[in-house]
Structures are given as C-alpha cells and as structure tokens.
>>> print(open('entry.pdb').read())   # PDB, C-alpha atoms, pLDDT in the B column
ATOM      1  CA  SER M   7      94.301-175.821  29.989  1.00 80.00           C
ATOM      2  CA  LEU M   8      93.091-175.085  33.512  1.00 89.00           C
ATOM      3  CA  LEU M   9      89.493-176.032  32.774  1.00 91.00           C
ATOM      4  CA  GLN M  10      90.539-179.432  31.442  1.00 90.00           C
ATOM      5  CA  GLU M  11      92.626-180.067  34.552  1.00 91.00           C
ATOM      6  CA  ILE M  12      89.663-179.195  36.800  1.00 92.00           C
ATOM      7  CA  ILE M  13      87.371-181.540  34.851  1.00 90.00           C
ATOM      8  CA  LYS M  14      89.994-184.303  35.009  1.00 91.00           C
ATOM      9  CA  LEU M  15      90.343-183.836  38.779  1.00 91.00           C
ATOM     10  CA  LYS M  16      86.549-183.971  39.277  1.00 92.00           C
ATOM     11  CA  MET M  17      86.245-187.106  37.161  1.00 91.00           C
ATOM     12  CA  GLU M  18      89.098-188.702  39.067  1.00 90.00           C
ATOM     13  CA  THR M  19      87.428-188.037  42.410  1.00 91.00           C
ATOM     14  CA  VAL M  20      84.127-189.473  41.127  1.00 91.00           C
ATOM     15  CA  LEU M  21      85.572-192.583  39.490  1.00 89.00           C
ATOM     16  CA  LYS M  22      88.343-193.483  41.983  1.00 89.00           C
ATOM     17  CA  PRO M  23      86.016-195.062  44.603  1.00 89.00           C
ATOM     18  CA  ILE M  24      84.211-197.072  41.930  1.00 87.00           C
ATOM     19  CA  PHE M  25      87.386-198.519  40.434  1.00 84.00           C
ATOM     20  CA  SER M  26      88.952-199.184  43.825  1.00 86.00           C
ATOM     21  CA  VAL M  27      86.196-201.775  44.358  1.00 88.00           C
ATOM     22  CA  LEU M  28      85.911-203.020  40.800  1.00 85.00           C
ATOM     23  CA  THR M  29      88.909-204.562  39.083  1.00 82.00           C
ATOM     24  CA  VAL M  30      89.256-205.354  35.415  1.00 78.00           C
ATOM     25  CA  PRO M  31      89.747-209.106  34.894  1.00 83.00           C
ATOM     26  CA  ASP M  32      93.063-210.129  33.390  1.00 86.00           C
ATOM     27  CA  LEU M  33      91.845-211.946  30.298  1.00 89.00           C
ATOM     28  CA  LYS M  34      94.149-213.131  27.580  1.00 90.00           C
ATOM     29  CA  ILE M  35      91.787-213.251  24.616  1.00 90.00           C
ATOM     30  CA  LYS M  36      93.265-213.748  21.186  1.00 91.00           C
ATOM     31  CA  LYS M  37      91.494-212.966  17.956  1.00 89.00           C
ATOM     32  CA  PRO M  38      90.907-216.142  15.949  1.00 91.00           C
ATOM     33  CA  THR M  39      93.022-216.328  12.801  1.00 91.00           C
ATOM     34  CA  TRP M  40      89.972-216.814  10.583  1.00 93.00           C
ATOM     35  CA  VAL M  41      88.445-213.470  11.687  1.00 92.00           C
ATOM     36  CA  GLN M  42      89.303-210.776   9.164  1.00 93.00           C
ATOM     37  CA  THR M  43      88.292-207.168   8.702  1.00 93.00           C
ATOM     38  CA  PRO M  44      85.404-207.054   6.221  1.00 95.00           C
ATOM     39  CA  SER M  45      85.897-205.237   2.944  1.00 96.00           C
ATOM     40  CA  PRO M  46      84.420-201.765   2.459  1.00 95.00           C
ATOM     41  CA  TRP M  47      81.880-203.165  -0.026  1.00 95.00           C
ATOM     42  CA  THR M  48      80.694-205.687   2.556  1.00 96.00           C
ATOM     43  CA  ILE M  49      80.160-202.907   5.079  1.00 97.00           C
ATOM     44  CA  PHE M  50      78.386-200.804   2.440  1.00 96.00           C
ATOM     45  CA  ALA M  51      76.094-203.698   1.504  1.00 96.00           C
ATOM     46  CA  PHE M  52      75.272-204.342   5.179  1.00 97.00           C
ATOM     47  CA  VAL M  53      74.514-200.667   5.853  1.00 96.00           C
ATOM     48  CA  LEU M  54      72.409-200.330   2.687  1.00 96.00           C
ATOM     49  CA  LEU M  55      70.463-203.513   3.448  1.00 96.00           C
ATOM     50  CA  SER M  56      69.798-202.447   7.043  1.00 96.00           C
ATOM     51  CA  TYR M  57      68.749-198.968   5.816  1.00 96.00           C
ATOM     52  CA  PHE M  58      66.383-200.581   3.308  1.00 96.00           C
ATOM     53  CA  MET M  59      64.822-202.822   5.959  1.00 96.00           C
ATOM     54  CA  VAL M  60      64.453-200.118   8.614  1.00 96.00           C
ATOM     55  CA  THR M  61      62.972-197.520   6.266  1.00 95.00           C
ATOM     56  CA  GLY M  62      60.679-200.192   4.837  1.00 95.00           C
ATOM     57  CA  GLY M  63      59.154-200.735   8.246  1.00 94.00           C
ATOM     58  CA  ILE M  64      60.359-204.288   8.898  1.00 94.00           C
ATOM     59  CA  ILE M  65      59.896-203.796  12.641  1.00 94.00           C
ATOM     60  CA  TYR M  66      56.301-202.644  12.134  1.00 93.00           C
ATOM     61  CA  ASP M  67      55.684-205.534   9.742  1.00 93.00           C
ATOM     62  CA  VAL M  68      56.962-208.106  12.234  1.00 94.00           C
ATOM     63  CA  ILE M  69      54.949-206.711  15.146  1.00 95.00           C
ATOM     64  CA  VAL M  70      51.646-205.884  13.418  1.00 94.00           C
ATOM     65  CA  GLU M  71      51.755-208.511  10.609  1.00 94.00           C
ATOM     66  CA  PRO M  72      49.840-206.448   8.013  1.00 94.00           C
ATOM     67  CA  PRO M  73      48.721-207.987   4.705  1.00 94.00           C
ATOM     68  CA  SER M  74      51.013-207.568   1.705  1.00 94.00           C
ATOM     69  CA  VAL M  75      48.358-205.586  -0.197  1.00 94.00           C
ATOM     70  CA  GLY M  76      44.869-204.387   0.659  1.00 93.00           C
ATOM     71  CA  SER M  77      41.683-204.379  -1.351  1.00 92.00           C
ATOM     72  CA  THR M  78      38.912-201.929  -2.001  1.00 91.00           C
ATOM     73  CA  THR M  79      35.522-202.160  -3.670  1.00 92.00           C
ATOM     74  CA  ASP M  80      34.787-199.873  -6.603  1.00 89.00           C
ATOM     75  CA  GLU M  81      31.409-198.428  -7.587  1.00 91.00           C
ATOM     76  CA  HIS M  82      30.506-201.560  -9.594  1.00 91.00           C
ATOM     77  CA  GLY M  83      31.060-203.896  -6.634  1.00 91.00           C
ATOM     78  CA  HIS M  84      34.347-205.357  -7.915  1.00 93.00           C
ATOM     79  CA  THR M  85      37.264-205.702  -5.527  1.00 94.00           C
ATOM     80  CA  ARG M  86      40.596-204.425  -6.683  1.00 93.00           C
ATOM     81  CA  PRO M  87      44.015-204.519  -4.992  1.00 93.00           C
ATOM     82  CA  VAL M  88      45.431-201.440  -3.278  1.00 92.00           C
ATOM     83  CA  ALA M  89      49.145-201.106  -2.497  1.00 91.00           C
ATOM     84  CA  PHE M  90      48.877-198.020  -0.247  1.00 92.00           C
ATOM     85  CA  MET M  91      46.760-197.794   2.877  1.00 91.00           C
ATOM     86  CA  PRO M  92      45.026-194.434   2.375  1.00 89.00           C
ATOM     87  CA  TYR M  93      44.368-191.968   5.233  1.00 89.00           C
ATOM     88  CA  ARG M  94      46.450-194.028   7.693  1.00 89.00           C
ATOM     89  CA  VAL M  95      49.764-192.347   8.409  1.00 88.00           C
ATOM     90  CA  ASN M  96      50.656-194.862  11.124  1.00 90.00           C
ATOM     91  CA  GLY M  97      49.732-197.950   9.075  1.00 91.00           C
ATOM     92  CA  GLN M  98      51.111-199.604   5.977  1.00 94.00           C
ATOM     93  CA  TYR M  99      50.873-202.645   3.758  1.00 95.00           C
ATOM     94  CA  ILE M 100      54.055-204.640   3.200  1.00 95.00           C
ATOM     95  CA  MET M 101      54.298-203.648  -0.477  1.00 95.00           C
ATOM     96  CA  GLU M 102      53.904-199.993   0.480  1.00 95.00           C
ATOM     97  CA  GLY M 103      56.876-200.224   2.804  1.00 95.00           C
ATOM     98  CA  LEU M 104      59.008-202.038   0.229  1.00 96.00           C
ATOM     99  CA  ALA M 105      58.195-199.545  -2.531  1.00 96.00           C
ATOM    100  CA  SER M 106      58.888-196.533  -0.311  1.00 96.00           C
ATOM    101  CA  SER M 107      62.061-198.083   1.020  1.00 97.00           C
ATOM    102  CA  PHE M 108      63.286-198.770  -2.510  1.00 97.00           C
ATOM    103  CA  MET M 109      62.695-195.146  -3.437  1.00 97.00           C
ATOM    104  CA  PHE M 110      64.519-193.901  -0.316  1.00 97.00           C
ATOM    105  CA  SER M 111      67.443-196.193  -1.159  1.00 97.00           C
ATOM    106  CA  LEU M 112      67.425-195.033  -4.791  1.00 98.00           C
ATOM    107  CA  GLY M 113      67.676-191.409  -3.655  1.00 97.00           C
ATOM    108  CA  GLY M 114      70.535-192.280  -1.307  1.00 96.00           C
ATOM    109  CA  ALA M 115      72.301-194.178  -4.083  1.00 96.00           C
ATOM    110  CA  GLY M 116      71.902-191.105  -6.286  1.00 97.00           C
ATOM    111  CA  MET M 117      73.657-189.004  -3.647  1.00 97.00           C
ATOM    112  CA  ILE M 118      76.457-191.579  -3.392  1.00 95.00           C
ATOM    113  CA  ILE M 119      76.848-191.592  -7.177  1.00 96.00           C
ATOM    114  CA  LEU M 120      76.975-187.785  -7.239  1.00 96.00           C
ATOM    115  CA  ASP M 121      79.671-187.913  -4.563  1.00 94.00           C
ATOM    116  CA  GLN M 122      81.812-190.089  -6.852  1.00 92.00           C
ATOM    117  CA  THR M 123      81.988-187.304  -9.442  1.00 93.00           C
ATOM    118  CA  HIS M 124      84.530-185.392  -7.324  1.00 91.00           C
ATOM    119  CA  ASN M 125      87.349-187.821  -8.132  1.00 89.00           C
ATOM    120  CA  PRO M 126      89.860-185.846 -10.240  1.00 90.00           C
ATOM    121  CA  SER M 127      91.044-188.940 -12.136  1.00 91.00           C
ATOM    122  CA  THR M 128      87.543-189.625 -13.544  1.00 90.00           C
ATOM    123  CA  PRO M 129      87.354-188.849 -17.288  1.00 94.00           C
ATOM    124  CA  LYS M 130      85.009-186.044 -18.304  1.00 94.00           C
ATOM    125  CA  LEU M 131      82.528-188.318 -20.132  1.00 95.00           C
ATOM    126  CA  ASN M 132      82.310-190.688 -17.159  1.00 95.00           C
ATOM    127  CA  ARG M 133      81.885-187.739 -14.803  1.00 96.00           C
ATOM    128  CA  MET M 134      79.016-186.390 -16.883  1.00 96.00           C
ATOM    129  CA  MET M 135      77.355-189.819 -17.012  1.00 97.00           C
ATOM    130  CA  LEU M 136      77.723-190.204 -13.245  1.00 97.00           C
ATOM    131  CA  GLN M 137      76.196-186.774 -12.724  1.00 97.00           C
ATOM    132  CA  PHE M 138      73.290-187.609 -15.023  1.00 97.00           C
ATOM    133  CA  VAL M 139      72.623-191.000 -13.393  1.00 98.00           C
ATOM    134  CA  GLY M 140      72.948-189.646  -9.838  1.00 98.00           C
ATOM    135  CA  PHE M 141      70.733-186.652 -10.486  1.00 97.00           C
ATOM    136  CA  ALA M 142      68.176-188.818 -12.331  1.00 98.00           C
ATOM    137  CA  ALA M 143      68.069-191.285  -9.428  1.00 98.00           C
ATOM    138  CA  MET M 144      67.421-188.461  -6.980  1.00 98.00           C
ATOM    139  CA  VAL M 145      64.731-186.851  -9.140  1.00 98.00           C
ATOM    140  CA  ILE M 146      62.971-190.185  -9.756  1.00 98.00           C
ATOM    141  CA  SER M 147      63.114-190.989  -6.049  1.00 98.00           C
ATOM    142  CA  PHE M 148      61.731-187.596  -5.072  1.00 97.00           C
ATOM    143  CA  GLY M 149      58.959-187.769  -7.666  1.00 96.00           C
ATOM    144  CA  CYS M 150      57.879-191.268  -6.688  1.00 97.00           C
ATOM    145  CA  CYS M 151      57.907-190.455  -2.965  1.00 95.00           C
ATOM    146  CA  TRP M 152      55.797-187.388  -3.707  1.00 94.00           C
ATOM    147  CA  VAL M 153      53.316-189.525  -5.670  1.00 93.00           C
ATOM    148  CA  PHE M 154      53.306-192.105  -2.854  1.00 94.00           C
ATOM    149  CA  MET M 155      52.483-189.368  -0.353  1.00 92.00           C
ATOM    150  CA  ARG M 156      49.666-188.118  -2.566  1.00 91.00           C
ATOM    151  CA  MET M 157      48.298-191.688  -2.714  1.00 91.00           C
ATOM    152  CA  LYS M 158      48.670-192.085   1.040  1.00 91.00           C
ATOM    153  CA  LEU M 159      46.980-188.787   1.952  1.00 90.00           C
ATOM    154  CA  PRO M 160      44.843-187.554  -0.958  1.00 87.00           C
ATOM    155  CA  GLY M 161      44.318-183.807  -0.858  1.00 85.00           C
ATOM    156  CA  TYR M 162      47.183-183.200   1.598  1.00 82.00           C
ATOM    157  CA  MET M 163      48.817-179.746   1.252  1.00 76.00           C
ATOM    158  CA  GLN M 164      46.486-178.700  -1.545  1.00 80.00           C
ATOM    159  CA  SER M 165      44.890-175.285  -1.656  1.00 67.00           C
TER     160      SER M 165
END
>>> encode(input="entry.pdb", output="structure tokens")
Amino acid sequence: SLLQEIIKLKMETVLKPIFSVLTVPDLKIKKPTWVQTPSPWTIFAFVLLSYFMVTGGIIYDVIVEPPSVGSTTDEHGHTRPVAFMPYRVNGQYIMEGLASSFMFSLGGAGMIILDQTHNPSTPKLNRMMLQFVGFAAMVISFGCCWVFMRMKLPGYMQS
C-alpha cells in the first residue's frame, strides 16, 4: 500500500549512504559436510537443559558461590541442615535452586504431555493416561512450588 511505499522510501534514504561506503565482502563459505541439522529431540533436550539451568539460578550460583545447603541451630543447640534460605528472596542455596528448577521443569513437561493428547491418532486409553500424567505433573509441580514458597517466606500471604 501507500504507507508501505513511504516507509520503504524513508528506509532507502537512510540506509543508502551507509551502504554506499560499506560493501559486503564476497566470501565463498561452504558448509562442512559433517555439519548436519540436529534432530528435534536434540533441540528439545538442549532447550529443556538450558531452561533447567537458568531457572535453577546457575548464573547466581557461579557469581555468588553459595553453599549447597545451609544449617540452623534448634532449641537444643543441635545444628541441622536447611535446604531453603528463609526470609531471603534474593538469595538461595544450590539445592534450593535445583529443587525449584526441577519442579518448574516438571510443570512444563506436564504441559507438553497435555499438548500431546490432541493427536487424533492416539488411542483413547493412551490419551486418558497422557491426560492423567500431564495433569498430575502440573498439580505436583504447583503444590511443591507452593510449599517451597511457604518455606522460603513463612507467613507470606496469610491472613
């Protein structure tokens, strides 16, 4: 339309002086024969692993170097391990990040499993099992993340 032509003309006037100075090198690069497109499962595994590491706080763990678990002293003077760093929203132990990340990934896997139930060629029994497993994964993930939040911030959102 007319608006697209006007935008194209404006872009051309802006970019023409830049590309009159700069020239694209004439490279003849060939893809090596051993390079192949990865399979969909390889891509899925890479995305899931990177999601697990990022939601687990791997960047925080590398920078801050927190301990794997903490410890607290009870009323009798005994030390006992603690997996969640209470009252610190911006801090975490390594095990806390791994547990939370596993639960986030379990919930995501439940959504992926539920998405697979839309295939019309899936038998009814398999579809029902997929629905049960996917829904159970999401409910377990939600429940555990809720418990983790209650451990992290005791008394939060309570009346």
>>> residues_around(input="entry.pdb", residues="segment 81-96 of chain M", least_positions_apart="4", cutoff="8 Å", atoms="only C-alpha atoms", output="number ranges by chain")
M: 74-77, 101-102, 154, 157-160
>>> resolve_selection(input="entry.pdb", expression="the PyMOL selection byres ((chain M and resi 140) around 12)", output="MDAnalysis selection string")
chainID M and resid 112:123 132:139 141:147
>>> resolve_selection(input="entry.pdb", expression="the PyMOL selection byres ((chain M and resi 57) around 12)", output="mmCIF file with C-alpha atoms, in the coordinates of the input")
data_model
loop_
_atom_site.group_PDB
_atom_site.id
_atom_site.type_symbol
_atom_site.label_atom_id
_atom_site.label_comp_id
_atom_site.auth_asym_id
_atom_site.auth_seq_id
_atom_site.Cartn_x
_atom_site.Cartn_y
_atom_site.Cartn_z
ATOM 1 C CA PHE M 50 78.386 -200.804 2.440
ATOM 2 C CA ALA M 51 76.094 -203.698 1.504
ATOM 3 C CA PHE M 52 75.272 -204.342 5.179
ATOM 4 C CA VAL M 53 74.514 -200.667 5.853
ATOM 5 C CA LEU M 54 72.409 -200.330 2.687
ATOM 6 C CA LEU M 55 70.463 -203.513 3.448
ATOM 7 C CA SER M 56 69.798 -202.447 7.043
ATOM 8 C CA PHE M 58 66.383 -200.581 3.308
ATOM 9 C CA MET M 59 64.822 -202.822 5.959
ATOM 10 C CA VAL M 60 64.453 -200.118 8.614
ATOM 11 C CA THR M 61 62.972 -197.520 6.266
ATOM 12 C CA GLY M 62 60.679 -200.192 4.837
ATOM 13 C CA GLY M 63 59.154 -200.735 8.246
ATOM 14 C CA ILE M 64 60.359 -204.288 8.898
ATOM 15 C CA LEU M 104 59.008 -202.038 0.229
ATOM 16 C CA SER M 106 58.888 -196.533 -0.311
ATOM 17 C CA SER M 107 62.061 -198.083 1.020
ATOM 18 C CA PHE M 108 63.286 -198.770 -2.510
ATOM 19 C CA MET M 109 62.695 -195.146 -3.437
ATOM 20 C CA PHE M 110 64.519 -193.901 -0.316
ATOM 21 C CA SER M 111 67.443 -196.193 -1.159
ATOM 22 C CA LEU M 112 67.425 -195.033 -4.791
ATOM 23 C CA GLY M 114 70.535 -192.280 -1.307
ATOM 24 C CA ALA M 115 72.301 -194.178 -4.083
#
>>> atom_distance(input="entry.pdb", atom1="atom CA of Tyr99 of chain M", atom2="atom CA of Arg156 of chain M")
15.9 Å
>>> atom_distance(input="entry.pdb", atom1="atom CA of Val153 of chain M", atom2="atom CA of Tyr66 of chain M")
22.3 Å
>>> atom_distance(input="entry.pdb", atom1="atom CA of Leu28 of chain M", atom2="atom CA of Leu9 of chain M")
28.4 Å
